[in-house]
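Chemist: Just dropping this structure here.
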Amino acid sequence: MIEHVYRRASQARCVGEVLVATDSPQVADAVRAFGGRAEMTSATHQSGSDRIAEVAARLDATIVVNVQGDEPLIAPAAIDAAIAPLLADRAVKIATLARRIDREADYRDQAAVKVVVRLDGRALYFSRSSVPCVRGSAAPVADAVIRKHIGLYVYRRETLLSFARLEPTPLERAEALEQLRALEHGIDIVVVDTDYDSIGVDTPEDLERVRRLFAAAPRG
């Protein structure tokens with residue numbers, strides 16, 4: 001699975017180099033076996049961005065992309081779309097992705113993180129709850145643009161390093177969402193709308209679903 005993520009990320013046009021940050025020797029060996037680059041990190045990190053920051057401190061890169069290692073169907077174009085705001089505007093420090101929720105089950109599902117976006121495209125809040133609450137509506141997903149957060153982050157290197165030095169914040173702990181640490185400290189996150197929908201492999205059922213999608217995909 002990690003090889004699929006690695007190779008898809010490598011196809012993004014705006015990405016110069018791909019590496020895997022891990023505290024697992026087994027994962028590092030698997031990456032090196034297919035010719036990829038792996039960097040070992042501490043096992044004490046509380047979030048993926050904290051882990052990436054340890055590696056970023058050793059790199060010359062000015063922009064760092066955090067792609068989840070459990071999303072073998074990540075779209076290279078989605079990665080490029082998330083990078084674009086940082087290339088276009090030096091004032092943008094962090095960017096991420098979101099897509100419109102069109103299924104009531106996703107709106108109600110606490111595993112599907114929702115993001116509420118300001119009029120200027122910056123994130124207002126992230127939550128596992130059903131937000132925004134569309135008062136008086138029997139079908140909220142049909143009445144309002146409700147977004148599912150896609151957990152891919154693009155950071156300016158100096159912002160990522162500063163972020164990792166911050167202590168976890170109350171809302172971050174309450175929701176178990178690392179991006180709230182940035183918002184609680186007044187760091188804006190630009191949200192890019194996308195049609196891409198992430199499929200994280202967290203359970204055996206998720207893995208089987210991804211295998212079916214790979215089997216159905218056209219060859220060549």
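Labels for the structure tokens follow display order: chains A, B, ..., residues from 1 in each chain, ligands from 1.
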Each residue of stretch 18-116 of chain A with at least one atom at most 8 Å from stretch 129-134 of chain A should appear once, together with its nearest atom pair and the corresponding distance in Å (one decimal); atoms considered: only C-alpha atoms; ordering: chain, then increasing residue number; output as JSON lines.
Modeler:
{"residue": "A:Tyr107", "atom": "CA", "partner": "A:Ser130", "partner_atom": "CA", "distance": 5.6}
{"residue": "A:Arg108", "atom": "CA", "partner": "A:Ser130", "partner_atom": "CA", "distance": 5.6}
{"residue": "A:Asp109", "atom": "CA", "partner": "A:Ser130", "partner_atom": "CA", "distance": 7.7}
{"residue": "A:Gln110", "atom": "CA", "partner": "A:Ser129", "partner_atom": "CA", "distance": 5.9}
{"residue": "A:Val113", "atom": "CA", "partner": "A:Ser129", "partner_atom": "CA", "distance": 7.6}
{"residue": "A:Lys114", "atom": "CA", "partner": "A:Val131", "partner_atom": "CA", "distance": 6.5}
{"residue": "A:Val115", "atom": "CA", "partner": "A:Val131", "partner_atom": "CA", "distance": 7.5}
{"residue": "A:Val116", "atom": "CA", "partner": "A:Pro132", "partner_atom": "CA", "distance": 6.7}
Chemist: Take the residues just selected and output them with C-alpha atoms as a tab-separated table (two decimals), in the first residue's frame.
Modeler:
chain	number	residue	atom	x	y	z
A	107	TYR	CA	-22.54	14.31	7.27
A	108	ARG	CA	-23.51	12.30	10.36
A	109	ASP	CA	-20.34	10.16	10.47
A	110	GLN	CA	-17.86	11.28	13.13
A	113	VAL	CA	-14.13	15.33	9.46
A	114	LYS	CA	-16.09	18.40	8.39
A	115	VAL	CA	-14.62	21.82	7.68
A	116	VAL	CA	-16.45	25.14	7.82
Chemist: Env of A:Asp188: 8 Å cut, atoms = only C-alpha atoms, seq-sep filter 4 positions within chain, self excluded. Answer as a ChimeraX atom specification.
Modeler: /A:92-94,122-123,182-183
Chemist: Grab the residues selected above and save them as a short mmCIF file (atom, residue, chain, number, x, y, z; two decimals), in the first residue's frame with C-alpha atoms.
Modeler:
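File part38.cif, as written:
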data_model
loop_
_atom_site.label_atom_id
_atom_site.label_comp_id
_atom_site.auth_asym_id
_atom_site.auth_seq_id
_atom_site.Cartn_x
_atom_site.Cartn_y
_atom_site.Cartn_z
CA VAL A 92 -0.35 31.51 2.46
CA LYS A 93 1.26 29.35 5.14
CA ILE A 94 -0.87 26.18 5.13
CA ARG A 122 -9.82 30.11 4.90
CA ALA A 123 -10.87 27.44 7.38
CA ALA A 182 -2.96 25.99 13.87
CA LEU A 183 -6.35 27.72 14.02
#
Chemist: Please compute the atom CA of A:Met40-atom CA of A:Pro76 distance, one decimal, in Å.
Modeler: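 Pair atom CA of A:Met40 / atom CA of A:Pro76 returns 24.6 Å.
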Chemist: Based on DSSP run over this structure's backbone, return all residues of stretch 57-191 of chain A in strand (DSSP E or B), as a PyMOL selection string.
Modeler: chain A and resi 63-66+94-100+114-117+122-127+147-156+190-191
Chemist: Please, what distance in Å, to one decimal, runs between atom CA of A:Arg51 and atom CA of A:Asn66?
Modeler: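 Spanning atom CA of A:Arg51 to atom CA of A:Asn66 is a straight-line distance of 9.6 Å.
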Chemist: Can you tell me, as a list of chain:residue names, what residues are no more than 10 Å from A:Asp80 when counting only C-alpha atoms, ignoring any on the same chain fewer than 4 positions away?
Modeler: A:Ala9, A:Gln11, A:Ala12, A:Arg13, A:Cys14, A:Val15, A:Val65, A:Ala75, A:Pro76, A:Ala84, A:Pro85, A:Val154
Chemist: Selection from above, C-alpha atoms, as a CSV table (one decimal), in the first residue's frame, can you write it?
Modeler:
chain,number,residue,atom,x,y,z
A,9,ALA,CA,2.6,11.3,-4.9
A,11,GLN,CA,3.4,11.8,-10.2
A,12,ALA,CA,2.3,15.2,-8.8
A,13,ARG,CA,3.8,17.8,-11.1
A,14,CYS,CA,4.6,20.3,-8.3
A,15,VAL,CA,6.5,17.7,-6.2
A,65,VAL,CA,3.4,18.3,1.7
A,75,ALA,CA,-4.8,11.7,-6.9
A,76,PRO,CA,-1.6,13.5,-8.1
A,84,ALA,CA,-1.1,25.9,-5.8
A,85,PRO,CA,-2.1,28.5,-3.2
A,154,VAL,CA,0.8,21.7,2.5
Chemist: Considering only C-alpha atoms, state which residue in the set A:Gly151, A:Gly186, A:Gly36, A:Pro25 is at the smallest distance from A:Ala112.
Modeler: A:Gly151
Chemist: Please determine, counting only C-alpha atoms, which residue among A:Ala53, A:Phe126, A:Val18, A:Gln68 has the shortest atom-to-atom distance to A:Gln179.
Modeler: A:Phe126
Chemist: What's the separation between atom CA of A:Arg181 and atom CA of A:Phe163, in Å to one decimal place?
Modeler: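 If I compute the distance from atom CA of A:Arg181 to atom CA of A:Phe163, I get 7.8 Å.
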Chemist: Taking only stretch 68-211 of chain A into account, list the residues labelled helix (DSSP H, G or I) by DSSP (computed from the backbone), as a VMD selection string.
Modeler: chain A and resid 76 to 88 104 to 108 140 to 143 157 to 165 170 to 175 179 to 184 204 to 211
Chemist: Put those residues in a file: C-alpha atoms, as a short mmCIF file (atom, residue, chain, number, x, y, z; two decimals), in the first residue's frame.
Modeler:
data_model
loop_
_atom_site.label_atom_id
_atom_site.label_comp_id
_atom_site.auth_asym_id
_atom_site.auth_seq_id
_atom_site.Cartn_x
_atom_site.Cartn_y
_atom_site.Cartn_z
CA PRO A 76 -1.62 13.45 -8.06
CA ALA A 77 -3.75 16.32 -9.36
CA ALA A 78 -5.26 16.80 -5.90
CA ILE A 79 -1.77 17.18 -4.44
CA ASP A 80 -0.94 19.79 -7.07
CA ALA A 81 -4.19 21.66 -6.34
CA ALA A 82 -3.32 21.87 -2.65
CA ILE A 83 0.18 23.17 -3.40
CA ALA A 84 -1.06 25.86 -5.82
CA PRO A 85 -2.11 28.49 -3.20
CA LEU A 86 1.38 28.51 -1.67
CA LEU A 87 2.97 28.93 -5.09
CA ALA A 88 0.61 31.78 -5.94
CA GLU A 104 -26.34 12.24 4.67
CA ALA A 105 -24.39 9.33 6.14
CA ASP A 106 -21.09 11.18 5.67
CA TYR A 107 -22.54 14.31 7.27
CA ARG A 108 -23.51 12.30 10.36
CA PRO A 140 -29.04 19.59 5.09
CA VAL A 141 -26.63 18.20 2.51
CA ALA A 142 -29.03 19.33 -0.22
CA ASP A 143 -29.55 22.78 1.29
CA ARG A 157 8.71 24.73 5.93
CA GLU A 158 9.17 27.47 8.54
CA THR A 159 5.45 27.31 9.41
CA LEU A 160 5.61 23.55 9.84
CA LEU A 161 8.62 23.81 12.14
CA SER A 162 6.91 26.51 14.20
CA PHE A 163 3.69 24.48 14.32
CA ALA A 164 5.53 21.43 15.68
CA ARG A 165 7.01 23.50 18.52
CA PRO A 170 -7.63 22.36 23.98
CA LEU A 171 -9.73 22.04 20.81
CA GLU A 172 -7.10 19.84 19.18
CA ARG A 173 -7.31 17.47 22.15
CA ALA A 174 -11.11 17.58 22.28
CA GLU A 175 -11.63 16.76 18.60
CA GLN A 179 -5.15 21.16 12.35
CA LEU A 180 -7.06 22.89 15.13
CA ARG A 181 -3.72 23.67 16.77
CA ALA A 182 -2.96 25.99 13.87
CA LEU A 183 -6.35 27.72 14.02
CA GLU A 184 -6.20 28.14 17.79
CA PRO A 204 -9.92 -4.75 6.81
CA GLU A 205 -13.14 -3.60 5.12
CA ASP A 206 -11.38 -0.46 3.85
CA LEU A 207 -8.57 -2.59 2.46
CA GLU A 208 -11.00 -4.86 0.64
CA ARG A 209 -12.81 -1.85 -0.83
CA VAL A 210 -9.54 -0.43 -2.16
CA ARG A 211 -8.57 -3.81 -3.63
#
